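Q: Below is the file structure-v2.txt, with compact mmCIF, C-alpha atoms and all ligand atoms.
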# COMPACT_ATOMS: atom_id res chain seq x y z
CA MET A 1 131.48 99.42 -165.65
CA THR A 2 128.09 100.41 -164.27
CA ARG A 3 127.72 99.90 -160.53
CA PRO A 4 124.47 99.12 -158.72
CA ARG A 5 123.01 102.09 -156.81
CA ALA A 6 122.20 101.08 -153.26
CA ASP A 7 120.00 104.17 -152.75
CA LEU A 8 117.48 103.23 -155.48
CA ASP A 9 114.43 101.26 -154.30
CA VAL A 10 113.97 98.39 -156.78
CA SER A 11 111.71 96.25 -154.58
CA SER A 12 108.78 96.69 -157.02
CA THR A 13 110.82 94.93 -159.73
CA LEU A 14 113.57 92.80 -158.21
CA LEU A 15 112.04 89.70 -156.65
CA ASP A 16 113.48 87.90 -153.66
CA PRO A 17 113.42 84.13 -154.32
CA ALA A 18 113.42 83.57 -150.54
CA ALA A 19 109.96 85.17 -150.51
CA HIS A 20 108.77 82.44 -152.90
CA PRO A 21 110.02 79.26 -151.24
CA GLY A 22 109.16 75.73 -152.27
CA GLU A 23 108.84 74.15 -155.67
CA ASP A 24 105.32 75.19 -156.60
CA PRO A 25 104.80 77.13 -159.84
CA LEU A 26 104.87 80.90 -159.53
CA SER A 27 101.54 82.65 -160.02
CA TRP A 28 101.81 85.19 -162.83
CA PRO A 29 98.57 86.97 -161.82
CA ASP A 30 99.97 87.37 -158.27
CA LEU A 31 103.25 88.73 -159.61
CA PHE A 32 101.76 91.10 -162.20
CA GLY A 33 98.48 91.94 -160.52
CA ASP A 34 96.27 90.68 -163.34
CA ASP A 35 96.12 87.96 -165.99
CA ARG A 36 98.07 89.78 -168.70
CA PRO A 37 100.16 87.73 -171.21
CA VAL A 38 103.60 86.92 -169.82
CA VAL A 39 106.94 87.01 -171.63
CA VAL A 40 110.10 85.47 -170.14
CA GLU A 41 113.67 86.43 -170.93
CA ILE A 42 116.39 84.00 -169.86
CA GLY A 43 119.77 85.59 -169.02
CA SER A 44 118.65 89.23 -169.16
CA GLY A 45 122.07 90.75 -168.43
CA LYS A 46 121.65 94.47 -167.84
CA GLY A 47 118.06 94.41 -169.10
CA LEU A 48 118.07 96.36 -172.38
CA PHE A 49 115.66 93.94 -174.07
CA LEU A 50 113.29 93.97 -171.09
CA ALA A 51 113.27 97.77 -170.88
CA ASN A 52 112.55 98.25 -174.59
CA ALA A 53 110.01 95.43 -174.87
CA ALA A 54 108.19 96.39 -171.66
CA ALA A 55 107.91 100.01 -172.81
CA ALA A 56 106.63 98.93 -176.24
CA ARG A 57 104.07 96.49 -174.79
CA PRO A 58 102.77 97.91 -171.51
CA ASP A 59 99.87 95.43 -171.53
CA HIS A 60 102.28 92.47 -171.24
CA GLY A 61 104.16 91.25 -168.18
CA PHE A 62 107.92 90.70 -168.60
CA PHE A 63 109.79 88.29 -166.36
CA GLY A 64 113.58 88.44 -166.59
CA ILE A 65 115.67 85.61 -165.18
CA GLU A 66 119.29 86.50 -164.49
CA ILE A 67 121.59 84.33 -162.42
CA ALA A 68 124.16 87.06 -161.70
CA LYS A 69 122.70 89.06 -158.82
CA LYS A 70 124.58 92.18 -159.79
CA TYR A 71 123.15 92.17 -163.33
CA ALA A 72 119.67 91.36 -162.07
CA ARG A 73 119.94 94.41 -159.82
CA LEU A 74 121.26 96.60 -162.67
CA ALA A 75 118.41 95.46 -164.91
CA ALA A 76 115.89 96.23 -162.16
CA GLU A 77 117.42 99.70 -161.75
CA ARG A 78 117.10 100.35 -165.46
CA ILE A 79 113.44 99.34 -165.32
CA VAL A 80 112.65 101.44 -162.26
CA LYS A 81 114.45 104.49 -163.65
CA ALA A 82 112.43 104.14 -166.86
CA GLY A 83 109.23 104.21 -164.79
CA LEU A 84 108.17 100.74 -166.04
CA THR A 85 105.86 98.74 -163.79
CA ASN A 86 105.37 95.62 -165.94
CA VAL A 87 108.73 93.88 -165.36
CA ARG A 88 109.82 91.47 -162.63
CA MET A 89 113.40 90.25 -162.25
CA TRP A 90 114.20 86.83 -160.82
CA PRO A 91 117.85 86.76 -159.65
CA ALA A 92 118.52 83.01 -159.88
CA ASP A 93 119.08 80.06 -162.21
CA ALA A 94 116.72 79.91 -165.19
CA GLY A 95 116.99 76.15 -165.71
CA ARG A 96 115.67 75.41 -162.26
CA LEU A 97 112.85 77.91 -162.46
CA MET A 98 111.75 76.83 -165.94
CA ASP A 99 111.89 73.15 -165.01
CA ARG A 100 109.52 73.18 -162.05
CA ARG A 101 108.14 76.62 -161.31
CA VAL A 102 106.25 77.62 -164.46
CA VAL A 103 102.61 76.67 -164.96
CA PRO A 104 102.30 74.62 -168.19
CA ALA A 105 101.00 76.61 -171.18
CA SER A 106 101.27 79.95 -169.34
CA LEU A 107 103.87 81.92 -171.32
CA ARG A 108 103.29 83.90 -174.50
CA GLU A 109 106.98 84.17 -175.43
CA VAL A 110 110.41 83.07 -174.28
CA HIS A 111 113.55 84.99 -175.34
CA VAL A 112 117.13 83.77 -174.95
CA TYR A 113 119.75 86.22 -176.20
CA PHE A 114 123.47 85.54 -176.28
CA PRO A 115 123.54 82.74 -173.72
CA ASP A 116 127.04 82.26 -172.27
CA PRO A 117 128.94 80.00 -174.72
CA TRP A 118 131.13 78.12 -172.18
CA TRP A 119 133.72 77.44 -174.85
CA LYS A 120 135.76 74.72 -173.15
CA LYS A 121 134.56 71.20 -173.77
CA ARG A 122 134.44 70.34 -170.08
CA HIS A 123 132.39 73.48 -169.36
CA LYS A 124 129.75 72.94 -172.04
CA LYS A 125 127.48 71.19 -169.60
CA ARG A 126 127.03 74.58 -167.91
CA ARG A 127 125.26 75.99 -170.94
CA VAL A 128 121.79 77.19 -170.09
CA PHE A 129 120.35 76.09 -173.43
CA ASN A 130 120.17 72.32 -173.11
CA GLU A 131 117.73 69.49 -173.65
CA ALA A 132 115.99 70.07 -170.32
CA LEU A 133 115.48 73.75 -171.08
CA VAL A 134 113.93 72.97 -174.47
CA ALA A 135 111.49 70.59 -172.78
CA SER A 136 110.67 73.22 -170.14
CA ILE A 137 110.12 75.92 -172.75
CA ALA A 138 107.87 73.66 -174.83
CA ARG A 139 105.84 72.88 -171.73
CA ALA A 140 105.63 76.52 -170.64
CA LEU A 141 104.56 78.13 -173.91
CA VAL A 142 100.89 78.56 -174.86
CA PRO A 143 99.75 77.18 -178.24
CA ALA A 144 101.21 79.51 -180.91
CA GLY A 145 103.58 80.87 -178.25
CA GLU A 146 107.01 81.91 -179.51
CA LEU A 147 110.66 81.24 -178.73
CA HIS A 148 113.27 83.73 -179.93
CA VAL A 149 116.99 83.05 -179.76
CA ALA A 150 120.14 84.91 -180.81
CA THR A 151 123.81 84.09 -180.39
CA ASP A 152 127.13 85.11 -181.90
CA VAL A 153 128.50 81.56 -181.56
CA GLU A 154 127.88 79.56 -184.72
CA GLU A 155 128.57 76.21 -183.08
CA TYR A 156 126.19 76.90 -180.17
CA PHE A 157 123.60 78.11 -182.70
CA GLY A 158 123.80 74.73 -184.45
CA VAL A 159 123.44 72.90 -181.14
CA ILE A 160 120.39 75.00 -180.20
CA ARG A 161 118.71 74.33 -183.55
CA GLU A 162 119.38 70.61 -183.25
CA LEU A 163 118.00 70.50 -179.73
CA VAL A 164 114.82 72.31 -180.73
CA ALA A 165 114.43 70.19 -183.88
CA THR A 166 114.07 67.04 -181.75
CA ASP A 167 110.76 68.38 -180.41
CA PRO A 168 108.02 68.25 -183.06
CA ARG A 169 106.04 71.01 -181.33
CA PHE A 170 108.33 73.81 -182.56
CA ALA A 171 107.82 75.26 -186.05
CA GLU A 172 110.57 77.57 -187.28
CA ILE A 173 109.40 81.07 -188.25
CA PRO A 174 111.36 84.06 -189.60
CA PRO A 175 112.93 86.08 -186.77
CA PRO A 176 111.36 89.54 -186.30
CA PRO A 177 113.24 92.16 -188.35
CA LEU A 178 115.82 94.28 -186.53
CA GLY A 179 115.36 98.00 -187.02
CA ASP A 180 118.16 100.44 -187.79
CA ALA A 181 119.82 101.63 -184.62
CA GLU A 182 119.77 105.41 -184.22
CA SER A 183 120.84 105.40 -180.60
CA ASP A 184 122.48 103.06 -178.09
CA HIS A 185 119.05 101.97 -176.95
CA ASP A 186 117.83 100.81 -180.36
CA TYR A 187 119.41 97.39 -180.09
CA LEU A 188 117.86 94.11 -179.05
CA THR A 189 120.27 93.58 -176.13
CA ASN A 190 123.60 94.92 -174.86
CA PHE A 191 125.46 92.03 -176.45
CA GLU A 192 123.67 92.50 -179.74
CA ARG A 193 124.78 96.14 -179.74
CA LYS A 194 128.38 95.15 -179.06
CA TYR A 195 128.50 92.54 -181.83
CA ARG A 196 126.64 94.61 -184.40
CA ILE A 197 128.96 97.55 -183.83
CA GLU A 198 131.97 95.23 -184.12
CA GLY A 199 130.48 93.83 -187.35
CA ARG A 200 130.42 90.28 -186.00
CA PRO A 201 127.78 87.88 -187.31
CA VAL A 202 124.73 87.29 -185.16
CA TYR A 203 122.74 84.08 -185.62
CA ARG A 204 119.02 84.31 -184.91
CA VAL A 205 116.20 81.82 -184.97
CA SER A 206 112.56 81.95 -183.91
CA TYR A 207 109.90 79.31 -183.41
CA ARG A 208 106.15 79.16 -182.93
CA MET A 209 104.47 76.32 -181.05
CA LYS A 210 102.35 74.11 -183.27
CA PRO A 211 98.84 73.19 -182.18
CA ALA A 212 99.06 70.22 -179.83
CA LEU A 213 96.85 68.20 -177.56
CA SER A 214 99.02 67.74 -174.50
CA THR A 215 98.59 65.90 -171.26
CA GLU A 216 100.77 64.52 -168.48
CA ARG A 217 100.45 61.48 -166.25
CA LEU A 218 102.41 60.38 -163.20
CA LEU A 219 102.82 56.64 -163.69
CA PRO A 220 103.51 54.08 -160.97
CA ALA A 221 106.72 52.65 -162.47
CA GLU A 222 110.25 53.72 -163.33
CA PRO A 223 111.01 54.96 -166.87
CA GLN A 224 112.58 51.62 -167.93
CA VAL A 225 109.33 49.81 -167.16
CA VAL A 226 107.21 52.43 -168.94
CA PHE A 227 109.54 52.30 -171.94
CA ALA A 228 109.18 48.51 -172.08
CA ALA A 229 105.43 48.98 -172.45
CA PHE A 230 106.20 50.71 -175.77
CA GLU A 231 109.10 48.56 -176.86
CA LYS A 232 107.48 45.15 -176.50
CA PRO A 233 104.77 44.74 -179.13
CA GLY A 234 102.84 42.21 -177.03
CA ARG A 235 102.65 44.71 -174.20
CA LEU A 236 101.93 47.71 -176.40
CA ALA A 237 99.04 45.90 -178.12
CA CYS A 238 97.43 45.41 -174.69
CA TRP A 239 96.99 49.09 -173.92
CA TRP A 240 97.19 51.05 -177.17
CA GLY A 241 94.03 52.94 -178.06
CA PRO A 242 90.97 54.23 -176.24
CA ASP A 243 88.67 52.09 -174.08
CA GLY A 244 87.45 48.87 -175.69
CA PHE A 245 89.95 48.85 -178.59
CA LYS A 246 92.03 45.81 -179.48
CA ASN A 247 94.99 45.70 -181.86
CA THR A 248 96.53 43.40 -184.44
CA PHE A 249 100.10 44.45 -185.30
CA GLU A 250 101.20 43.62 -188.85
CA ARG A 251 104.63 45.25 -188.77
CA PHE A 252 106.49 46.62 -185.76
CA GLU A 253 110.02 47.95 -186.35
CA PHE A 254 110.88 49.68 -183.10
CA GLU A 255 113.86 51.73 -184.30
CA PRO A 256 114.29 55.26 -185.69
CA GLY A 257 112.71 55.28 -189.16
CA GLY A 258 111.02 51.92 -188.48
CA ARG A 259 107.46 51.29 -189.62
CA TRP A 260 104.51 50.30 -187.47
CA THR A 261 101.39 49.10 -189.27
CA PHE A 262 98.48 47.74 -187.34
CA THR A 263 94.73 47.44 -187.25
CA MET A 264 92.74 48.82 -184.37
CA HIS A 265 89.53 46.91 -183.73
CA GLY A 266 86.92 49.25 -182.31
CA PRO A 267 84.33 48.16 -179.73
CA ASN A 268 81.71 48.89 -182.43
CA GLY A 269 83.17 46.11 -184.62
CA VAL A 270 84.82 48.53 -187.05
CA ASP A 271 88.47 48.00 -188.05
CA TYR A 272 90.75 51.06 -188.33
CA PRO A 273 93.98 50.55 -190.31
CA ASN A 274 96.92 52.59 -188.96
CA GLU A 275 100.34 53.38 -190.33
CA SER A 276 103.05 55.12 -188.33
CA THR A 277 106.80 55.66 -188.44
CA PHE A 278 109.03 55.83 -185.38
CA ARG A 279 110.85 59.11 -185.81
CA THR A 280 112.89 59.16 -182.58
CA ILE A 281 113.57 56.49 -180.03
CA GLU A 282 115.69 57.29 -176.97
CA ARG A 283 115.73 54.42 -174.54
CA ASP A 284 113.84 55.09 -171.31
CA ARG A 285 113.36 58.75 -172.29
CA ARG A 286 111.52 59.50 -175.47
CA VAL A 287 109.50 58.02 -178.32
CA VAL A 288 108.31 60.15 -181.24
CA ILE A 289 105.79 58.58 -183.59
CA GLU A 290 104.62 60.06 -186.90
CA HIS A 291 101.11 58.90 -187.64
CA VAL A 292 101.24 58.89 -191.42
CA SER A 293 97.72 57.63 -192.12
CA ALA A 294 94.86 60.08 -191.62
CA PRO A 295 94.55 62.02 -189.40
CA ARG A 296 98.20 63.02 -189.65
CA PHE A 297 99.89 63.97 -186.41
CA THR A 298 103.14 63.47 -184.54
CA LEU A 299 103.00 62.00 -181.07
CA ALA A 300 105.90 62.79 -178.74
CA VAL A 301 106.02 60.76 -175.55
CA THR A 302 108.60 61.89 -173.01
CA LEU A 303 109.49 60.04 -169.82
CA ALA A 304 111.01 61.85 -166.84
CA PRO A 305 111.95 60.05 -163.61
CA ARG A 306 110.09 61.19 -160.50
CA GLY A 307 111.41 59.06 -157.64
CA ASP A 308 110.21 55.52 -158.35
CA HIS A 309 107.52 56.93 -160.66
CA THR A 310 107.61 58.41 -164.16
CA LEU A 311 106.12 61.66 -165.34
CA LEU A 312 104.92 60.88 -168.85
CA SER A 313 104.29 63.84 -171.19
CA TRP A 314 102.05 63.08 -174.14
CA ASP A 315 102.05 65.67 -176.90
CA GLN A 316 99.95 65.02 -179.98
CA VAL A 317 101.11 67.63 -182.47
CA PHE A 318 99.16 68.71 -185.56
CA GLU A 319 100.35 70.80 -188.48
CA ASP A 320 97.01 72.50 -188.82
CA ALA A 321 95.17 74.33 -186.02
CA GLU A 322 91.77 73.64 -187.61
CA VAL A 323 92.39 69.89 -187.71
CA ALA A 324 93.55 69.98 -184.07
CA ALA A 325 90.45 71.92 -182.99
CA LYS A 326 88.16 69.56 -184.89
CA LEU A 327 89.75 66.43 -183.42
CA ALA A 328 90.19 67.76 -179.87
CA PRO A 329 86.76 66.60 -178.60
CA ILE A 330 87.56 63.05 -179.77
CA CYS A 331 91.30 62.91 -179.15
CA ARG A 332 91.46 64.50 -175.68
CA PRO A 333 89.31 61.84 -173.98
CA ALA A 334 90.83 59.11 -176.19
CA ASN A 335 94.34 60.13 -175.05
CA GLU A 336 93.27 60.02 -171.40
CA GLN A 337 91.70 56.57 -171.88
CA ASN A 338 94.86 55.38 -173.58
CA LEU A 339 96.91 56.54 -170.59
CA ASP A 340 94.38 55.03 -168.15
CA ARG A 341 95.00 51.71 -169.87
CA LEU A 342 98.77 52.12 -169.68
CA GLN A 343 98.50 53.09 -166.02
CA ALA A 344 96.34 50.04 -165.25
CA LEU A 345 98.82 47.79 -167.04
CA LEU A 346 101.73 49.24 -165.05
CA ALA A 347 99.82 48.90 -161.81
CA GLY A 348 99.50 45.21 -162.64
CA ALA A 349 95.71 45.38 -162.86
CA ASP A 350 95.76 43.74 -166.30
CA GLU A 351 97.23 40.46 -167.39
CA ALA A 352 99.97 41.39 -169.86
CA PRO A 353 102.64 39.45 -171.70
C1 LIG A 401 126.41 86.81 -172.53
S1 LIG A 401 125.29 87.45 -171.40
C2 LIG A 401 123.97 88.08 -172.39
C3 LIG A 401 123.11 89.06 -171.66
C4 LIG A 401 121.96 89.64 -172.47
N1 LIG A 401 121.04 88.61 -172.88
C5 LIG A 401 122.47 90.33 -173.69
O1 LIG A 401 122.30 89.83 -174.79
O2 LIG A 401 123.04 91.41 -173.53
C6 LIG A 401 124.55 85.98 -170.72
C7 LIG A 401 123.77 86.26 -169.46
O3 LIG A 401 123.12 85.06 -169.04
C8 LIG A 401 123.24 84.96 -167.63
N2 LIG A 401 123.08 83.54 -167.29
C9 LIG A 401 123.96 82.54 -167.48
N3 LIG A 401 123.50 81.38 -167.03
C10 LIG A 401 122.26 81.64 -166.55
C11 LIG A 401 121.27 80.84 -165.92
N4 LIG A 401 121.47 79.54 -165.71
N5 LIG A 401 120.12 81.44 -165.53
C12 LIG A 401 119.93 82.76 -165.72
N6 LIG A 401 120.85 83.57 -166.29
C13 LIG A 401 121.99 83.02 -166.71
C14 LIG A 401 124.60 85.50 -167.33
O4 LIG A 401 124.75 85.89 -165.98
C15 LIG A 401 124.66 86.69 -168.30
O5 LIG A 401 124.15 87.86 -167.73
Have the structure of the file written as structure tokens, please.
A:
Amino acid sequence: MTRPRADLDVSSTLLDPAAHPGEDPLSWPDLFGDDRPVVVEIGSGKGLFLANAAAARPDHGFFGIEIAKKYARLAAERIVKAGLTNVRMWPADAGRLMDRRVVPASLREVHVYFPDPWWKKRHKKRRVFNEALVASIARALVPAGELHVATDVEEYFGVIRELVATDPRFAEIPPPPLGDAESDHDYLTNFERKYRIEGRPVYRVSYRMKPALSTERLLPAEPQVVFAAFEKPGRLACWWGPDGFKNTFERFEFEPGGRWTFTMHGPNGVDYPNESTFRTIERDRRVVIEHVSAPRFTLAVTLAPRGDHTLLSWDQVFEDAEVAAKLAPICRPANEQNLDRLQALLAGADEAP
């Protein structure tokens, strides 16, 4: 077993979380010295992936998060010994860092290789790859940013794919090919080397973020109250749409797979027929709506409690980057107006049923 070397100065690479107190997002330009693209690895172990990737892409910044201080130190030693200057190691919990301390849309890639399986049923809640992490990763990645995952545990692999599939922003892509290994260093990670040599199966999946128009709003009500503004058609009709729009709902089946057909009456007197399907409904947490009439998009609304307020994330996801770019000048302000109206309703400024 490799032991850390106390005599090696790793201060250029191994960060001290105590030197970055508080809950504010970390500044990548401060950490890397410029505004290079940043890649995060969660659970870096002894740092083989970071060392290889950082050497292959010296113009990128690599940020390894490793909860075990000893491994974080060993990874930092590997990096320093290799003369690499574009890696920083964060020796603490990845879930916490990804949840609050990453600027939205600031990461080019996230890699999670062989996350601890926590086999026992009662321990599964300790798994790093969970619903909250998926939400954090989706928030952190830039448009067309990538998530790469590998595990040797088939069951965990299935769970990971299911978790990611609930978020319409991720599109599955083929994982990058693995080269033939000529030396011990030609593997993706230490665990990948171990399992490939043992001939055990390795399950891999990769995703690319779809084009999305995303915004967030801190709303003055708890998630149950915000959710009710979606659930109750009389309330929803009061705020849905940009400024000046009114709605007539023809069909409103608020359940997974349920249909929602309605006419939006524009302030210019024009009627706009709409047809949507509710793809996911999780009480007080999440509503995913497929807008099946043109323009096609999927809208994911996520509610997270923030004290007696709610942080609402609004992600309008398009299949096609060109369509998203064309609609952005219309949809961005329309989305903000829509949320202004919801906010006003929740603040009690409007009369609502
Ligand atoms: C099975 S090892 C895999 C290491 C490396 N990715 C590889 O493939 O060789 C899982 C690693 O994730 C780290 N880890 C577990 N939970 C973590 C968390 N919440 N945040 C950061 N690292 C974590 C563990 O300490 C361990 O080093």
Q: With a cut-off of 10 Å, could you pull out the residues of chain A touching ligand LIG 401 (chain A) and give me the nearest pair of atoms for each, distance in Å to one decimal, using only C-alpha atoms and all ligand atoms, ordered by chain and ascending number, as a Markdown table?
A:
| residue | atom | partner | partner_atom | distance |
| --- | --- | --- | --- | --- |
| A:Glu41 | CA | A:LIG401 | N1 | 7.9 |
| A:Ile42 | CA | A:LIG401 | C12 | 5.6 |
| A:Gly43 | CA | A:LIG401 | O3 | 3.4 |
| A:Ser44 | CA | A:LIG401 | N1 | 4.5 |
| A:Gly45 | CA | A:LIG401 | O5 | 3.6 |
| A:Lys46 | CA | A:LIG401 | O2 | 6.6 |
| A:Gly47 | CA | A:LIG401 | C4 | 7.0 |
| A:Leu48 | CA | A:LIG401 | O2 | 7.1 |
| A:Phe49 | CA | A:LIG401 | N1 | 7.7 |
| A:Leu50 | CA | A:LIG401 | N1 | 9.6 |
| A:Gly64 | CA | A:LIG401 | C12 | 8.6 |
| A:Ile65 | CA | A:LIG401 | C12 | 5.2 |
| A:Glu66 | CA | A:LIG401 | N6 | 3.8 |
| A:Ile67 | CA | A:LIG401 | N6 | 4.0 |
| A:Ala68 | CA | A:LIG401 | O4 | 4.5 |
| A:Lys69 | CA | A:LIG401 | O4 | 8.1 |
| A:Lys70 | CA | A:LIG401 | O4 | 8.8 |
| A:Tyr71 | CA | A:LIG401 | O5 | 6.2 |
| A:Ala72 | CA | A:LIG401 | O5 | 8.0 |
| A:Ala75 | CA | A:LIG401 | O5 | 9.9 |
| A:Trp90 | CA | A:LIG401 | C12 | 8.6 |
| A:Pro91 | CA | A:LIG401 | C12 | 7.6 |
| A:Ala92 | CA | A:LIG401 | C12 | 6.0 |
| A:Asp93 | CA | A:LIG401 | N5 | 3.7 |
| A:Ala94 | CA | A:LIG401 | N5 | 3.7 |
| A:Gly95 | CA | A:LIG401 | N4 | 5.6 |
| A:Arg96 | CA | A:LIG401 | N4 | 7.9 |
| A:Leu97 | CA | A:LIG401 | N5 | 8.6 |
| A:Met98 | CA | A:LIG401 | N5 | 9.6 |
| A:His111 | CA | A:LIG401 | N1 | 8.7 |
| A:Val112 | CA | A:LIG401 | N1 | 6.6 |
| A:Tyr113 | CA | A:LIG401 | N1 | 4.3 |
| A:Phe114 | CA | A:LIG401 | C2 | 4.7 |
| A:Pro115 | CA | A:LIG401 | C6 | 4.5 |
| A:Asp116 | CA | A:LIG401 | C1 | 4.6 |
| A:Pro117 | CA | A:LIG401 | C1 | 7.6 |
| A:Trp118 | CA | A:LIG401 | C9 | 9.6 |
| A:Arg126 | CA | A:LIG401 | N3 | 7.7 |
| A:Arg127 | CA | A:LIG401 | N3 | 6.9 |
| A:Val128 | CA | A:LIG401 | N4 | 5.0 |
| A:Phe129 | CA | A:LIG401 | N4 | 8.5 |
| A:Leu133 | CA | A:LIG401 | N4 | 9.9 |
| A:Val149 | CA | A:LIG401 | N1 | 9.7 |
| A:Ala150 | CA | A:LIG401 | O1 | 8.1 |
| A:Thr151 | CA | A:LIG401 | O1 | 8.2 |
| A:Asp152 | CA | A:LIG401 | C1 | 9.6 |
| A:Tyr187 | CA | A:LIG401 | O2 | 9.6 |
| A:Leu188 | CA | A:LIG401 | O1 | 7.5 |
| A:Thr189 | CA | A:LIG401 | O2 | 4.4 |
| A:Asn190 | CA | A:LIG401 | O2 | 3.8 |
| A:Phe191 | CA | A:LIG401 | O2 | 3.8 |
| A:Glu192 | CA | A:LIG401 | O1 | 5.8 |
| A:Arg193 | CA | A:LIG401 | O2 | 8.0 |
| A:Lys194 | CA | A:LIG401 | O2 | 8.5 |
| A:Tyr195 | CA | A:LIG401 | O1 | 9.8 |
Q: Calculate how many Å separate CA of Pro175 (chain A) from CA of Leu74 (chain A), rounding to one decimal.
A: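 Atom-to-atom, CA of Pro175 (chain A) and CA of Leu74 (chain A) are spaced 27.6 Å apart.
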Q: How close does each residue of region 150-213 of chain A get to region 303-323 of chain A, giving the shortest atom pair and distance in Å to one decimal for every residue with an atom at most 6 Å away, counting only C-alpha atoms, sorted by chain and residue number, as a Markdown table?
A:
| residue | atom | partner | partner_atom | distance |
| --- | --- | --- | --- | --- |
| A:Pro211 | CA | A:Ala321 | CA | 5.4 |
| A:Ala212 | CA | A:Val317 | CA | 4.2 |
| A:Leu213 | CA | A:Gln316 | CA | 5.1 |
Q: Report, in Å to a single decimal, how far apart CA of Asp99 (chain A) and CA of Val159 (chain A) are.
A: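 Calculated distance between CA of Val159 (chain A) and CA of Asp99 (chain A) is 19.8 Å.
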Q: One number please: CA of Ala237 (chain A) to CA of Phe249 (chain A), in Å, one decimal.
A: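 Spanning CA of Ala237 (chain A) to CA of Phe249 (chain A) is a straight-line distance of 7.4 Å.
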Q: Considering all atoms listed in the file, can you say which of A:Pro58, A:Pro143, A:Pro104, A:Pro267 comes closest to Val87 (chain A)?
A: A:Pro58
Q: Would you mind telling me which residue in A:Pro37, A:Pro25, A:Gly258, A:Gly158 lies nearest to Val102 (chain A) when using all atoms listed in the file?
A: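 Smallest separation from Val102 (chain A) among the options: A:Pro25.
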Q: Of the candidates A:Asp35, A:Asp184, A:Asp243, A:Glu131, which one gets nearest to Leu339 (chain A) if we count only C-alpha atoms?
A: A:Asp243
Q: Find the residue from A:Ile160, A:His148, A:Pro176, A:Asp167 that sits nearest to Tyr207 (chain A); use only C-alpha atoms when measuring.
A: A:His148
Q: As a list in words, please: the residues near Pro273 (chain A) (cut-off 7 Å, all atoms listed in the file, same-chain neighbours under 2 positions excluded).
A: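 Using all atoms listed in the file, the neighbours found are Phe262, Thr263, Met264, Asp271 and Glu275 of chain A.
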Q: Excluding same-chain residues fewer than 5 positions from Leu26 (chain A), what lies within 10 Å of it counting only C-alpha atoms, as a list in words?
A: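 Residues meeting the cut-off are His20, Pro21, Leu31, Leu97, Arg100, Arg101, Val102 and Val103 of chain A.
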Q: Would you kindly return, as a PDB file with C-alpha atoms, in the frame of the given file, each protein, DNA or RNA residue with an atom no farther than 8 Å from any atom of Ser276 (chain A), considering all atoms listed in the file and excluding same-chain residues fewer than 2 positions away?
A:
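Ended up saving to around06.pdb:
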ATOM      1  CA  ARG A 259     107.460  51.290-189.620  1.00  0.00           C
ATOM      2  CA  TRP A 260     104.510  50.300-187.470  1.00  0.00           C
ATOM      3  CA  THR A 261     101.390  49.100-189.270  1.00  0.00           C
ATOM      4  CA  ASN A 274      96.920  52.590-188.960  1.00  0.00           C
ATOM      5  CA  PHE A 278     109.030  55.830-185.380  1.00  0.00           C
ATOM      6  CA  ILE A 289     105.790  58.580-183.590  1.00  0.00           C
ATOM      7  CA  GLU A 290     104.620  60.060-186.900  1.00  0.00           C
ATOM      8  CA  HIS A 291     101.110  58.900-187.640  1.00  0.00           C
ATOM      9  CA  VAL A 292     101.240  58.890-191.420  1.00  0.00           C
ATOM     10  CA  SER A 293      97.720  57.630-192.120  1.00  0.00           C
TER      11      SER A 293
END
Q: Can you pull out every residue within 10 Å of Arg161 (chain A), counting only C-alpha atoms, but drop anything in the same chain fewer than 3 positions away, and send it as a JSON list (two decimals) with C-alpha atoms, in the coordinates of the input?
A:
[["chain", "number", "residue", "atom", "x", "y", "z"],
["A", 149, "VAL", "CA", 116.99, 83.05, -179.76],
["A", 156, "TYR", "CA", 126.19, 76.90, -180.17],
["A", 157, "PHE", "CA", 123.60, 78.11, -182.70],
["A", 158, "GLY", "CA", 123.80, 74.73, -184.45],
["A", 164, "VAL", "CA", 114.82, 72.31, -180.73],
["A", 165, "ALA", "CA", 114.43, 70.19, -183.88],
["A", 166, "THR", "CA", 114.07, 67.04, -181.75],
["A", 172, "GLU", "CA", 110.57, 77.57, -187.28],
["A", 205, "VAL", "CA", 116.20, 81.82, -184.97],
["A", 206, "SER", "CA", 112.56, 81.95, -183.91]]
Q: Edge lengths and centre, in Å to one decimal, as lines of an AutoDock Vina configuration file: that's what I need for the box along x, y and z that holds all listed atoms of region 186-192 of chain A plus 4 Å on each side.
A:
center_x = 121.6
center_y = 96.4
center_z = -177.6
size_x = 15.6
size_y = 16.8
size_z = 13.5
